[in-house]
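What follows is the content of run.pdb, which has PDB, N, CA and C atoms:
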```pdb
MODEL        1
ATOM      1  N   MET W 199      32.755 -96.369  36.403
ATOM      2  CA  MET W 199      32.574 -96.660  37.803
ATOM      3  C   MET W 199      32.352 -98.154  38.031
ATOM      4  N   PHE W 200      31.497 -98.768  37.216
ATOM      5  CA  PHE W 200      31.219-100.189  37.364
ATOM      6  C   PHE W 200      31.977-101.042  36.352
ATOM      7  N   SER W 201      33.009-100.508  35.718
ATOM      8  CA  SER W 201      33.706-101.250  34.668
ATOM      9  C   SER W 201      34.465-102.452  35.217
ATOM     10  N   GLY W 202      34.882-102.420  36.485
ATOM     11  CA  GLY W 202      35.616-103.535  37.060
ATOM     12  C   GLY W 202      34.721-104.612  37.638
ATOM     13  N   LEU W 203      33.428-104.427  37.592
ATOM     14  CA  LEU W 203      32.512-105.400  38.162
ATOM     15  C   LEU W 203      32.165-106.467  37.134
ATOM     16  N   VAL W 204      32.497-107.685  37.455
ATOM     17  CA  VAL W 204      32.161-108.801  36.579
ATOM     18  C   VAL W 204      31.710-109.978  37.425
ATOM     19  N   GLY W 205      30.941-110.838  36.828
ATOM     20  CA  GLY W 205      30.564-112.088  37.463
ATOM     21  C   GLY W 205      29.804-111.938  38.759
ATOM     22  N   TRP W 206      30.371-112.472  39.826
ATOM     23  CA  TRP W 206      29.670-112.532  41.095
ATOM     24  C   TRP W 206      29.486-111.161  41.732
ATOM     25  N   HIS W 207      30.291-110.179  41.362
ATOM     26  CA  HIS W 207      30.105-108.829  41.882
ATOM     27  C   HIS W 207      28.753-108.269  41.438
ATOM     28  N   VAL W 208      28.456-108.454  40.178
ATOM     29  CA  VAL W 208      27.191-107.977  39.637
ATOM     30  C   VAL W 208      26.035-108.759  40.258
ATOM     31  N   LEU W 209      26.225-110.046  40.452
ATOM     32  CA  LEU W 209      25.199-110.883  41.070
ATOM     33  C   LEU W 209      24.892-110.411  42.487
ATOM     34  N   ILE W 210      25.917-110.130  43.260
ATOM     35  CA  ILE W 210      25.716-109.656  44.629
ATOM     36  C   ILE W 210      25.022-108.301  44.632
ATOM     37  N   LEU W 211      25.456-107.389  43.774
ATOM     38  CA  LEU W 211      24.817-106.077  43.694
ATOM     39  C   LEU W 211      23.360-106.199  43.267
ATOM     40  N   GLY W 212      23.113-106.990  42.246
ATOM     41  CA  GLY W 212      21.774-107.093  41.686
ATOM     42  C   GLY W 212      20.791-107.846  42.547
ATOM     43  N   MET W 213      21.262-108.832  43.291
ATOM     44  CA  MET W 213      20.330-109.676  44.030
ATOM     45  C   MET W 213      20.251-109.365  45.516
ATOM     46  N   PHE W 214      21.245-108.677  46.068
ATOM     47  CA  PHE W 214      21.238-108.463  47.508
ATOM     48  C   PHE W 214      21.333-106.993  47.913
ATOM     49  N   VAL W 215      22.294-106.290  47.406
ATOM     50  CA  VAL W 215      22.559-104.932  47.871
ATOM     51  C   VAL W 215      21.476-103.960  47.416
ATOM     52  N   ILE W 216      21.154-103.941  46.150
ATOM     53  CA  ILE W 216      20.160-102.991  45.623
ATOM     54  C   ILE W 216      18.770-103.257  46.211
ATOM     55  N   PRO W 217      18.280-104.503  46.255
ATOM     56  CA  PRO W 217      16.983-104.735  46.908
ATOM     57  C   PRO W 217      16.986-104.366  48.390
ATOM     58  N   PHE W 218      18.093-104.607  49.089
ATOM     59  CA  PHE W 218      18.179-104.243  50.498
ATOM     60  C   PHE W 218      18.091-102.730  50.680
ATOM     61  N   ILE W 219      18.771-101.990  49.831
ATOM     62  CA  ILE W 219      18.722-100.527  49.910
ATOM     63  C   ILE W 219      17.309-100.028  49.623
ATOM     64  N   LEU W 220      16.649-100.587  48.607
ATOM     65  CA  LEU W 220      15.263-100.208  48.317
ATOM     66  C   LEU W 220      14.351-100.521  49.495
ATOM     67  N   TRP W 221      14.519-101.700  50.099
ATOM     68  CA  TRP W 221      13.724-102.092  51.256
ATOM     69  C   TRP W 221      13.950-101.141  52.424
ATOM     70  N   LEU W 222      15.196-100.815  52.686
ATOM     71  CA  LEU W 222      15.525 -99.933  53.801
ATOM     72  C   LEU W 222      14.918 -98.543  53.618
ATOM     73  N   ILE W 223      15.026 -97.997  52.422
ATOM     74  CA  ILE W 223      14.440 -96.683  52.145
ATOM     75  C   ILE W 223      12.922 -96.729  52.302
ATOM     76  N   ALA W 224      12.294 -97.800  51.817
ATOM     77  CA  ALA W 224      10.836 -97.926  51.929
ATOM     78  C   ALA W 224      10.409 -97.999  53.388
ATOM     79  N   VAL W 225      11.098 -98.796  54.196
ATOM     80  CA  VAL W 225      10.743 -98.924  55.614
ATOM     81  C   VAL W 225      10.904 -97.588  56.335
ATOM     82  N   ILE W 226      11.963 -96.872  56.049
ATOM     83  CA  ILE W 226      12.179 -95.566  56.683
ATOM     84  C   ILE W 226      11.083 -94.588  56.278
ATOM     85  N   GLN W 227      10.724 -94.562  55.007
ATOM     86  CA  GLN W 227       9.675 -93.655  54.553
ATOM     87  C   GLN W 227       8.321 -94.016  55.156
ATOM     88  N   ILE W 228       8.008 -95.296  55.252
ATOM     89  CA  ILE W 228       6.739 -95.717  55.833
ATOM     90  C   ILE W 228       6.686 -95.320  57.305
ATOM     91  N   ALA W 229       7.771 -95.543  58.017
ATOM     92  CA  ALA W 229       7.804 -95.200  59.437
ATOM     93  C   ALA W 229       7.699 -93.693  59.658
ATOM     94  N   ALA W 230       8.188 -92.900  58.720
ATOM     95  CA  ALA W 230       8.163 -91.452  58.865
ATOM     96  C   ALA W 230       6.814 -90.843  58.497
ATOM     97  N   MET W 231       5.964 -91.598  57.797
ATOM     98  CA  MET W 231       4.651 -91.076  57.408
ATOM     99  C   MET W 231       3.782 -90.901  58.644
ATOM    100  N   ARG W 232       3.038 -89.826  58.656
ATOM    101  CA  ARG W 232       2.100 -89.571  59.756
ATOM    102  C   ARG W 232       0.711 -89.966  59.281
ATOM    103  N   ALA W 233       0.483 -91.257  59.244
ATOM    104  CA  ALA W 233      -0.797 -91.774  58.774
ATOM    105  C   ALA W 233      -1.392 -92.664  59.863
ATOM    106  N   ALA W 234      -2.586 -93.146  59.620
ATOM    107  CA  ALA W 234      -3.248 -94.040  60.571
ATOM    108  C   ALA W 234      -2.427 -95.316  60.739
ATOM    109  N   ALA W 235      -2.573 -95.927  61.896
ATOM    110  CA  ALA W 235      -1.765 -97.101  62.222
ATOM    111  C   ALA W 235      -2.056 -98.289  61.309
ATOM    112  N   GLY W 236      -3.305 -98.504  60.934
ATOM    113  CA  GLY W 236      -3.677 -99.659  60.117
ATOM    114  C   GLY W 236      -2.958 -99.732  58.782
ATOM    115  N   PRO W 237      -3.081 -98.689  57.949
ATOM    116  CA  PRO W 237      -2.385 -98.731  56.659
ATOM    117  C   PRO W 237      -0.857 -98.767  56.803
ATOM    118  N   THR W 238      -0.349 -98.088  57.822
ATOM    119  CA  THR W 238       1.098 -98.078  58.028
ATOM    120  C   THR W 238       1.603 -99.473  58.357
ATOM    121  N   VAL W 239       0.922-100.151  59.257
ATOM    122  CA  VAL W 239       1.312-101.516  59.622
ATOM    123  C   VAL W 239       1.157-102.448  58.426
ATOM    124  N   GLY W 240       0.094-102.269  57.662
ATOM    125  CA  GLY W 240      -0.099-103.092  56.468
ATOM    126  C   GLY W 240       1.045-102.940  55.481
ATOM    127  N   TRP W 241       1.458-101.703  55.235
ATOM    128  CA  TRP W 241       2.576-101.476  54.320
ATOM    129  C   TRP W 241       3.874-102.057  54.877
ATOM    130  N   LEU W 242       4.101-101.918  56.179
ATOM    131  CA  LEU W 242       5.315-102.490  56.770
ATOM    132  C   LEU W 242       5.332-104.007  56.643
ATOM    133  N   ILE W 243       4.189-104.645  56.842
ATOM    134  CA  ILE W 243       4.114-106.100  56.697
ATOM    135  C   ILE W 243       4.373-106.505  55.249
ATOM    136  N   LEU W 244       3.745-105.799  54.312
ATOM    137  CA  LEU W 244       3.950-106.125  52.895
ATOM    138  C   LEU W 244       5.410-105.960  52.489
ATOM    139  N   VAL W 245       6.017-104.861  52.888
ATOM    140  CA  VAL W 245       7.403-104.598  52.501
ATOM    141  C   VAL W 245       8.350-105.576  53.185
ATOM    142  N   THR W 246       8.009-106.036  54.376
ATOM    143  CA  THR W 246       8.877-106.983  55.085
ATOM    144  C   THR W 246       8.745-108.398  54.527
ATOM    145  N   LEU W 247       7.522-108.819  54.205
ATOM    146  CA  LEU W 247       7.325-110.185  53.711
ATOM    147  C   LEU W 247       7.742-110.358  52.249
ATOM    148  N   ALA W 248       7.580-109.322  51.455
ATOM    149  CA  ALA W 248       7.987-109.368  50.049
ATOM    150  C   ALA W 248       8.857-108.137  49.782
ATOM    151  N   PRO W 249      10.126-108.181  50.179
ATOM    152  CA  PRO W 249      10.957-106.978  50.177
ATOM    153  C   PRO W 249      11.045-106.251  48.836
ATOM    154  N   LEU W 250      11.381-106.930  47.783
ATOM    155  CA  LEU W 250      11.557-106.243  46.507
ATOM    156  C   LEU W 250      10.214-105.809  45.925
ATOM    157  N   LEU W 251       9.262-106.715  45.870
ATOM    158  CA  LEU W 251       7.940-106.379  45.340
ATOM    159  C   LEU W 251       7.248-105.336  46.214
ATOM    160  N   GLY W 252       7.344-105.497  47.528
ATOM    161  CA  GLY W 252       6.730-104.544  48.436
ATOM    162  C   GLY W 252       7.330-103.157  48.302
ATOM    163  N   ALA W 253       8.643-103.071  48.154
ATOM    164  CA  ALA W 253       9.292-101.768  47.982
ATOM    165  C   ALA W 253       8.877-101.122  46.668
ATOM    166  N   ILE W 254       8.802-101.916  45.615
ATOM    167  CA  ILE W 254       8.382-101.367  44.319
ATOM    168  C   ILE W 254       6.948-100.858  44.403
ATOM    169  N   LEU W 255       6.058-101.633  45.048
ATOM    170  CA  LEU W 255       4.675-101.185  45.218
ATOM    171  C   LEU W 255       4.608 -99.929  46.081
ATOM    172  N   TRP W 256       5.420 -99.863  47.117
ATOM    173  CA  TRP W 256       5.430 -98.676  47.973
ATOM    174  C   TRP W 256       5.821 -97.433  47.176
ATOM    175  N   PHE W 257       6.871 -97.545  46.362
ATOM    176  CA  PHE W 257       7.333 -96.381  45.614
ATOM    177  C   PHE W 257       6.360 -95.986  44.508
ATOM    178  N   THR W 258       5.582 -96.932  43.989
ATOM    179  CA  THR W 258       4.658 -96.597  42.904
ATOM    180  C   THR W 258       3.297 -96.133  43.406
ATOM    181  N   ILE W 259       2.706 -96.825  44.395
ATOM    182  CA  ILE W 259       1.358 -96.449  44.829
ATOM    183  C   ILE W 259       1.242 -96.141  46.309
ATOM    184  N   GLY W 260       2.140 -96.614  47.117
ATOM    185  CA  GLY W 260       1.997 -96.499  48.568
ATOM    186  C   GLY W 260       2.122 -95.105  49.117
ATOM    187  N   ARG W 261       3.103 -94.366  48.642
ATOM    188  CA  ARG W 261       3.300 -93.018  49.176
ATOM    189  C   ARG W 261       2.091 -92.143  48.924
ATOM    190  N   ARG W 262       1.516 -92.245  47.742
ATOM    191  CA  ARG W 262       0.322 -91.449  47.428
ATOM    192  C   ARG W 262      -0.863 -91.868  48.275
ATOM    193  N   SER W 263      -1.048 -93.174  48.461
ATOM    194  CA  SER W 263      -2.219 -93.645  49.197
ATOM    195  C   SER W 263      -2.149 -93.256  50.672
ATOM    196  N   LEU W 264      -0.982 -93.336  51.283
ATOM    197  CA  LEU W 264      -0.881 -92.939  52.683
ATOM    198  C   LEU W 264      -0.972 -91.426  52.840
ATOM    199  N   ARG W 265      -0.457 -90.695  51.884
ATOM    200  CA  ARG W 265      -0.522 -89.241  51.967
ATOM    201  C   ARG W 265      -1.966 -88.772  51.861
ATOM    202  N   GLN W 266      -2.773 -89.420  51.029
ATOM    203  CA  GLN W 266      -4.178 -89.045  50.879
ATOM    204  C   GLN W 266      -4.996 -89.439  52.108
ATOM    205  N   ASP W 267      -4.641 -90.549  52.741
ATOM    206  CA  ASP W 267      -5.398 -91.041  53.898
ATOM    207  C   ASP W 267      -4.994 -90.381  55.205
ATOM    208  N   SER W 268      -3.879 -89.662  55.226
ATOM    209  CA  SER W 268      -3.382 -89.114  56.491
ATOM    210  C   SER W 268      -4.285 -87.984  56.969
ATOM    211  N   PRO W 269      -4.469 -87.897  58.276
ATOM    212  CA  PRO W 269      -5.305 -86.837  58.816
ATOM    213  C   PRO W 269      -4.585 -85.498  58.716
ATOM    214  N   PRO W 270      -5.343 -84.396  58.665
ATOM    215  CA  PRO W 270      -4.695 -83.088  58.563
ATOM    216  C   PRO W 270      -3.906 -82.769  59.825
ATOM    217  N   ALA W 271      -2.830 -82.041  59.666
ATOM    218  CA  ALA W 271      -1.988 -81.680  60.799
ATOM    219  C   ALA W 271      -2.728 -80.722  61.713
ATOM    220  N   GLN W 272      -2.600 -80.937  63.001
ATOM    221  CA  GLN W 272      -3.274 -80.088  63.965
ATOM    222  C   GLN W 272      -2.380 -78.907  64.330
ATOM    223  N   ALA W 273      -2.974 -77.756  64.408
ATOM    224  CA  ALA W 273      -2.216 -76.566  64.815
ATOM    225  C   ALA W 273      -2.047 -76.619  66.327
ATOM    226  N   GLY W 274      -0.850 -76.358  66.765
ATOM    227  CA  GLY W 274      -0.714 -76.501  68.183
ATOM    228  C   GLY W 274       0.299 -75.655  68.750
TER     229      GLY W 274
ENDMDL
END
```
Once you've parsed the file, please lay out its structure as structure tokens.
Amino acid sequence: MFSGLVGWHVLILGMFVIPFILWLIAVIQIAAMRAAAGPTVGWLILVTLAPLLGAILWFTIGRRSLRQDSPPAQAG
């Protein structure tokens, strides 16, 4: 699949496309979480200011931390 990719193709994929996709997925997941506004905004700021590092931190520790802090769903 990637056998024809050489040189600048790999550079573009590695430095722009893959980090952008990770950032986009992280932002969508953060926005979809039903957690308090403070931690959600904090994660969005972190992921926006440091896209690659913020996305990696979100996927490793962020999802668990927001899930634990989220209030229980109300029956309605």
All residues 10 Å or closer to Ala229 (chain W), only C-alpha atoms, same chain fewer than 4 positions away omitted, as a PyMOL selection string: chain W and resi 223-225+233+238-239+241-242
Centre and size of axis-aligned box enclosing region 240-248 of chain W plus 5 Å each side, as JSON:
```
{"center_x": 4.4, "center_y": -105.9, "center_z": 53.7, "size_x": 19.0, "size_y": 18.9, "size_z": 17.9}
```
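You will find CA of Gly252 (chain W) at 15.2 Å from CA of Met213 (chain W).
Going from atom C of Leu220 (chain W) to atom N of Leu264 (chain W) covers 17.0 Å.
Note that atom C of His207 (chain W) and CA of Leu247 (chain W) are 24.8 Å apart.
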What are the DSSP helix (DSSP H, G or I) residues of chain W, as a PDB file with N, CA and C atoms, in the coordinates of the input?
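Output below, filename states-v1.pdb:
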```
ATOM      1  N   TRP W 206      30.371-112.472  39.826  1.00  0.00           N
ATOM      2  CA  TRP W 206      29.670-112.532  41.095  1.00  0.00           C
ATOM      3  C   TRP W 206      29.486-111.161  41.732  1.00  0.00           C
ATOM      4  N   HIS W 207      30.291-110.179  41.362  1.00  0.00           N
ATOM      5  CA  HIS W 207      30.105-108.829  41.882  1.00  0.00           C
ATOM      6  C   HIS W 207      28.753-108.269  41.438  1.00  0.00           C
ATOM      7  N   VAL W 208      28.456-108.454  40.178  1.00  0.00           N
ATOM      8  CA  VAL W 208      27.191-107.977  39.637  1.00  0.00           C
ATOM      9  C   VAL W 208      26.035-108.759  40.258  1.00  0.00           C
ATOM     10  N   LEU W 209      26.225-110.046  40.452  1.00  0.00           N
ATOM     11  CA  LEU W 209      25.199-110.883  41.070  1.00  0.00           C
ATOM     12  C   LEU W 209      24.892-110.411  42.487  1.00  0.00           C
ATOM     13  N   ILE W 210      25.917-110.130  43.260  1.00  0.00           N
ATOM     14  CA  ILE W 210      25.716-109.656  44.629  1.00  0.00           C
ATOM     15  C   ILE W 210      25.022-108.301  44.632  1.00  0.00           C
ATOM     16  N   LEU W 211      25.456-107.389  43.774  1.00  0.00           N
ATOM     17  CA  LEU W 211      24.817-106.077  43.694  1.00  0.00           C
ATOM     18  C   LEU W 211      23.360-106.199  43.267  1.00  0.00           C
ATOM     19  N   GLY W 212      23.113-106.990  42.246  1.00  0.00           N
ATOM     20  CA  GLY W 212      21.774-107.093  41.686  1.00  0.00           C
ATOM     21  C   GLY W 212      20.791-107.846  42.547  1.00  0.00           C
ATOM     22  N   MET W 213      21.262-108.832  43.291  1.00  0.00           N
ATOM     23  CA  MET W 213      20.330-109.676  44.030  1.00  0.00           C
ATOM     24  C   MET W 213      20.251-109.365  45.516  1.00  0.00           C
ATOM     25  N   PHE W 214      21.245-108.677  46.068  1.00  0.00           N
ATOM     26  CA  PHE W 214      21.238-108.463  47.508  1.00  0.00           C
ATOM     27  C   PHE W 214      21.333-106.993  47.913  1.00  0.00           C
ATOM     28  N   VAL W 215      22.294-106.290  47.406  1.00  0.00           N
ATOM     29  CA  VAL W 215      22.559-104.932  47.871  1.00  0.00           C
ATOM     30  C   VAL W 215      21.476-103.960  47.416  1.00  0.00           C
ATOM     31  N   ILE W 216      21.154-103.941  46.150  1.00  0.00           N
ATOM     32  CA  ILE W 216      20.160-102.991  45.623  1.00  0.00           C
ATOM     33  C   ILE W 216      18.770-103.257  46.211  1.00  0.00           C
ATOM     34  N   PRO W 217      18.280-104.503  46.255  1.00  0.00           N
ATOM     35  CA  PRO W 217      16.983-104.735  46.908  1.00  0.00           C
ATOM     36  C   PRO W 217      16.986-104.366  48.390  1.00  0.00           C
ATOM     37  N   PHE W 218      18.093-104.607  49.089  1.00  0.00           N
ATOM     38  CA  PHE W 218      18.179-104.243  50.498  1.00  0.00           C
ATOM     39  C   PHE W 218      18.091-102.730  50.680  1.00  0.00           C
ATOM     40  N   ILE W 219      18.771-101.990  49.831  1.00  0.00           N
ATOM     41  CA  ILE W 219      18.722-100.527  49.910  1.00  0.00           C
ATOM     42  C   ILE W 219      17.309-100.028  49.623  1.00  0.00           C
ATOM     43  N   LEU W 220      16.649-100.587  48.607  1.00  0.00           N
ATOM     44  CA  LEU W 220      15.263-100.208  48.317  1.00  0.00           C
ATOM     45  C   LEU W 220      14.351-100.521  49.495  1.00  0.00           C
ATOM     46  N   TRP W 221      14.519-101.700  50.099  1.00  0.00           N
ATOM     47  CA  TRP W 221      13.724-102.092  51.256  1.00  0.00           C
ATOM     48  C   TRP W 221      13.950-101.141  52.424  1.00  0.00           C
ATOM     49  N   LEU W 222      15.196-100.815  52.686  1.00  0.00           N
ATOM     50  CA  LEU W 222      15.525 -99.933  53.801  1.00  0.00           C
ATOM     51  C   LEU W 222      14.918 -98.543  53.618  1.00  0.00           C
ATOM     52  N   ILE W 223      15.026 -97.997  52.422  1.00  0.00           N
ATOM     53  CA  ILE W 223      14.440 -96.683  52.145  1.00  0.00           C
ATOM     54  C   ILE W 223      12.922 -96.729  52.302  1.00  0.00           C
ATOM     55  N   ALA W 224      12.294 -97.800  51.817  1.00  0.00           N
ATOM     56  CA  ALA W 224      10.836 -97.926  51.929  1.00  0.00           C
ATOM     57  C   ALA W 224      10.409 -97.999  53.388  1.00  0.00           C
ATOM     58  N   VAL W 225      11.098 -98.796  54.196  1.00  0.00           N
ATOM     59  CA  VAL W 225      10.743 -98.924  55.614  1.00  0.00           C
ATOM     60  C   VAL W 225      10.904 -97.588  56.335  1.00  0.00           C
ATOM     61  N   ILE W 226      11.963 -96.872  56.049  1.00  0.00           N
ATOM     62  CA  ILE W 226      12.179 -95.566  56.683  1.00  0.00           C
ATOM     63  C   ILE W 226      11.083 -94.588  56.278  1.00  0.00           C
ATOM     64  N   GLN W 227      10.724 -94.562  55.007  1.00  0.00           N
ATOM     65  CA  GLN W 227       9.675 -93.655  54.553  1.00  0.00           C
ATOM     66  C   GLN W 227       8.321 -94.016  55.156  1.00  0.00           C
ATOM     67  N   ILE W 228       8.008 -95.296  55.252  1.00  0.00           N
ATOM     68  CA  ILE W 228       6.739 -95.717  55.833  1.00  0.00           C
ATOM     69  C   ILE W 228       6.686 -95.320  57.305  1.00  0.00           C
ATOM     70  N   ALA W 229       7.771 -95.543  58.017  1.00  0.00           N
ATOM     71  CA  ALA W 229       7.804 -95.200  59.437  1.00  0.00           C
ATOM     72  C   ALA W 229       7.699 -93.693  59.658  1.00  0.00           C
ATOM     73  N   ALA W 230       8.188 -92.900  58.720  1.00  0.00           N
ATOM     74  CA  ALA W 230       8.163 -91.452  58.865  1.00  0.00           C
ATOM     75  C   ALA W 230       6.814 -90.843  58.497  1.00  0.00           C
ATOM     76  N   ALA W 235      -2.573 -95.927  61.896  1.00  0.00           N
ATOM     77  CA  ALA W 235      -1.765 -97.101  62.222  1.00  0.00           C
ATOM     78  C   ALA W 235      -2.056 -98.289  61.309  1.00  0.00           C
ATOM     79  N   GLY W 236      -3.305 -98.504  60.934  1.00  0.00           N
ATOM     80  CA  GLY W 236      -3.677 -99.659  60.117  1.00  0.00           C
ATOM     81  C   GLY W 236      -2.958 -99.732  58.782  1.00  0.00           C
ATOM     82  N   PRO W 237      -3.081 -98.689  57.949  1.00  0.00           N
ATOM     83  CA  PRO W 237      -2.385 -98.731  56.659  1.00  0.00           C
ATOM     84  C   PRO W 237      -0.857 -98.767  56.803  1.00  0.00           C
ATOM     85  N   THR W 238      -0.349 -98.088  57.822  1.00  0.00           N
ATOM     86  CA  THR W 238       1.098 -98.078  58.028  1.00  0.00           C
ATOM     87  C   THR W 238       1.603 -99.473  58.357  1.00  0.00           C
ATOM     88  N   VAL W 239       0.922-100.151  59.257  1.00  0.00           N
ATOM     89  CA  VAL W 239       1.312-101.516  59.622  1.00  0.00           C
ATOM     90  C   VAL W 239       1.157-102.448  58.426  1.00  0.00           C
ATOM     91  N   GLY W 240       0.094-102.269  57.662  1.00  0.00           N
ATOM     92  CA  GLY W 240      -0.099-103.092  56.468  1.00  0.00           C
ATOM     93  C   GLY W 240       1.045-102.940  55.481  1.00  0.00           C
ATOM     94  N   TRP W 241       1.458-101.703  55.235  1.00  0.00           N
ATOM     95  CA  TRP W 241       2.576-101.476  54.320  1.00  0.00           C
ATOM     96  C   TRP W 241       3.874-102.057  54.877  1.00  0.00           C
ATOM     97  N   LEU W 242       4.101-101.918  56.179  1.00  0.00           N
ATOM     98  CA  LEU W 242       5.315-102.490  56.770  1.00  0.00           C
ATOM     99  C   LEU W 242       5.332-104.007  56.643  1.00  0.00           C
ATOM    100  N   ILE W 243       4.189-104.645  56.842  1.00  0.00           N
ATOM    101  CA  ILE W 243       4.114-106.100  56.697  1.00  0.00           C
ATOM    102  C   ILE W 243       4.373-106.505  55.249  1.00  0.00           C
ATOM    103  N   LEU W 244       3.745-105.799  54.312  1.00  0.00           N
ATOM    104  CA  LEU W 244       3.950-106.125  52.895  1.00  0.00           C
ATOM    105  C   LEU W 244       5.410-105.960  52.489  1.00  0.00           C
ATOM    106  N   VAL W 245       6.017-104.861  52.888  1.00  0.00           N
ATOM    107  CA  VAL W 245       7.403-104.598  52.501  1.00  0.00           C
ATOM    108  C   VAL W 245       8.350-105.576  53.185  1.00  0.00           C
ATOM    109  N   THR W 246       8.009-106.036  54.376  1.00  0.00           N
ATOM    110  CA  THR W 246       8.877-106.983  55.085  1.00  0.00           C
ATOM    111  C   THR W 246       8.745-108.398  54.527  1.00  0.00           C
ATOM    112  N   LEU W 247       7.522-108.819  54.205  1.00  0.00           N
ATOM    113  CA  LEU W 247       7.325-110.185  53.711  1.00  0.00           C
ATOM    114  C   LEU W 247       7.742-110.358  52.249  1.00  0.00           C
ATOM    115  N   PRO W 249      10.126-108.181  50.179  1.00  0.00           N
ATOM    116  CA  PRO W 249      10.957-106.978  50.177  1.00  0.00           C
ATOM    117  C   PRO W 249      11.045-106.251  48.836  1.00  0.00           C
ATOM    118  N   LEU W 250      11.381-106.930  47.783  1.00  0.00           N
ATOM    119  CA  LEU W 250      11.557-106.243  46.507  1.00  0.00           C
ATOM    120  C   LEU W 250      10.214-105.809  45.925  1.00  0.00           C
ATOM    121  N   LEU W 251       9.262-106.715  45.870  1.00  0.00           N
ATOM    122  CA  LEU W 251       7.940-106.379  45.340  1.00  0.00           C
ATOM    123  C   LEU W 251       7.248-105.336  46.214  1.00  0.00           C
ATOM    124  N   GLY W 252       7.344-105.497  47.528  1.00  0.00           N
ATOM    125  CA  GLY W 252       6.730-104.544  48.436  1.00  0.00           C
ATOM    126  C   GLY W 252       7.330-103.157  48.302  1.00  0.00           C
ATOM    127  N   ALA W 253       8.643-103.071  48.154  1.00  0.00           N
ATOM    128  CA  ALA W 253       9.292-101.768  47.982  1.00  0.00           C
ATOM    129  C   ALA W 253       8.877-101.122  46.668  1.00  0.00           C
ATOM    130  N   ILE W 254       8.802-101.916  45.615  1.00  0.00           N
ATOM    131  CA  ILE W 254       8.382-101.367  44.319  1.00  0.00           C
ATOM    132  C   ILE W 254       6.948-100.858  44.403  1.00  0.00           C
ATOM    133  N   LEU W 255       6.058-101.633  45.048  1.00  0.00           N
ATOM    134  CA  LEU W 255       4.675-101.185  45.218  1.00  0.00           C
ATOM    135  C   LEU W 255       4.608 -99.929  46.081  1.00  0.00           C
ATOM    136  N   TRP W 256       5.420 -99.863  47.117  1.00  0.00           N
ATOM    137  CA  TRP W 256       5.430 -98.676  47.973  1.00  0.00           C
ATOM    138  C   TRP W 256       5.821 -97.433  47.176  1.00  0.00           C
ATOM    139  N   PHE W 257       6.871 -97.545  46.362  1.00  0.00           N
ATOM    140  CA  PHE W 257       7.333 -96.381  45.614  1.00  0.00           C
ATOM    141  C   PHE W 257       6.360 -95.986  44.508  1.00  0.00           C
ATOM    142  N   THR W 258       5.582 -96.932  43.989  1.00  0.00           N
ATOM    143  CA  THR W 258       4.658 -96.597  42.904  1.00  0.00           C
ATOM    144  C   THR W 258       3.297 -96.133  43.406  1.00  0.00           C
ATOM    145  N   ILE W 259       2.706 -96.825  44.395  1.00  0.00           N
ATOM    146  CA  ILE W 259       1.358 -96.449  44.829  1.00  0.00           C
ATOM    147  C   ILE W 259       1.242 -96.141  46.309  1.00  0.00           C
ATOM    148  N   GLY W 260       2.140 -96.614  47.117  1.00  0.00           N
ATOM    149  CA  GLY W 260       1.997 -96.499  48.568  1.00  0.00           C
ATOM    150  C   GLY W 260       2.122 -95.105  49.117  1.00  0.00           C
ATOM    151  N   ARG W 261       3.103 -94.366  48.642  1.00  0.00           N
ATOM    152  CA  ARG W 261       3.300 -93.018  49.176  1.00  0.00           C
ATOM    153  C   ARG W 261       2.091 -92.143  48.924  1.00  0.00           C
ATOM    154  N   ARG W 262       1.516 -92.245  47.742  1.00  0.00           N
ATOM    155  CA  ARG W 262       0.322 -91.449  47.428  1.00  0.00           C
ATOM    156  C   ARG W 262      -0.863 -91.868  48.275  1.00  0.00           C
ATOM    157  N   SER W 263      -1.048 -93.174  48.461  1.00  0.00           N
ATOM    158  CA  SER W 263      -2.219 -93.645  49.197  1.00  0.00           C
ATOM    159  C   SER W 263      -2.149 -93.256  50.672  1.00  0.00           C
ATOM    160  N   LEU W 264      -0.982 -93.336  51.283  1.00  0.00           N
ATOM    161  CA  LEU W 264      -0.881 -92.939  52.683  1.00  0.00           C
ATOM    162  C   LEU W 264      -0.972 -91.426  52.840  1.00  0.00           C
ATOM    163  N   ARG W 265      -0.457 -90.695  51.884  1.00  0.00           N
ATOM    164  CA  ARG W 265      -0.522 -89.241  51.967  1.00  0.00           C
ATOM    165  C   ARG W 265      -1.966 -88.772  51.861  1.00  0.00           C
ATOM    166  N   GLN W 266      -2.773 -89.420  51.029  1.00  0.00           N
ATOM    167  CA  GLN W 266      -4.178 -89.045  50.879  1.00  0.00           C
ATOM    168  C   GLN W 266      -4.996 -89.439  52.108  1.00  0.00           C
ATOM    169  N   ASP W 267      -4.641 -90.549  52.741  1.00  0.00           N
ATOM    170  CA  ASP W 267      -5.398 -91.041  53.898  1.00  0.00           C
ATOM    171  C   ASP W 267      -4.994 -90.381  55.205  1.00  0.00           C
TER     172      ASP W 267
END
```
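Proximity to Gln227 (chain W) was assessed for W:Leu211, W:Val204, W:Gly240, W:Arg261 counting all atoms listed in the file; the smallest distance is recorded for W:Arg261.
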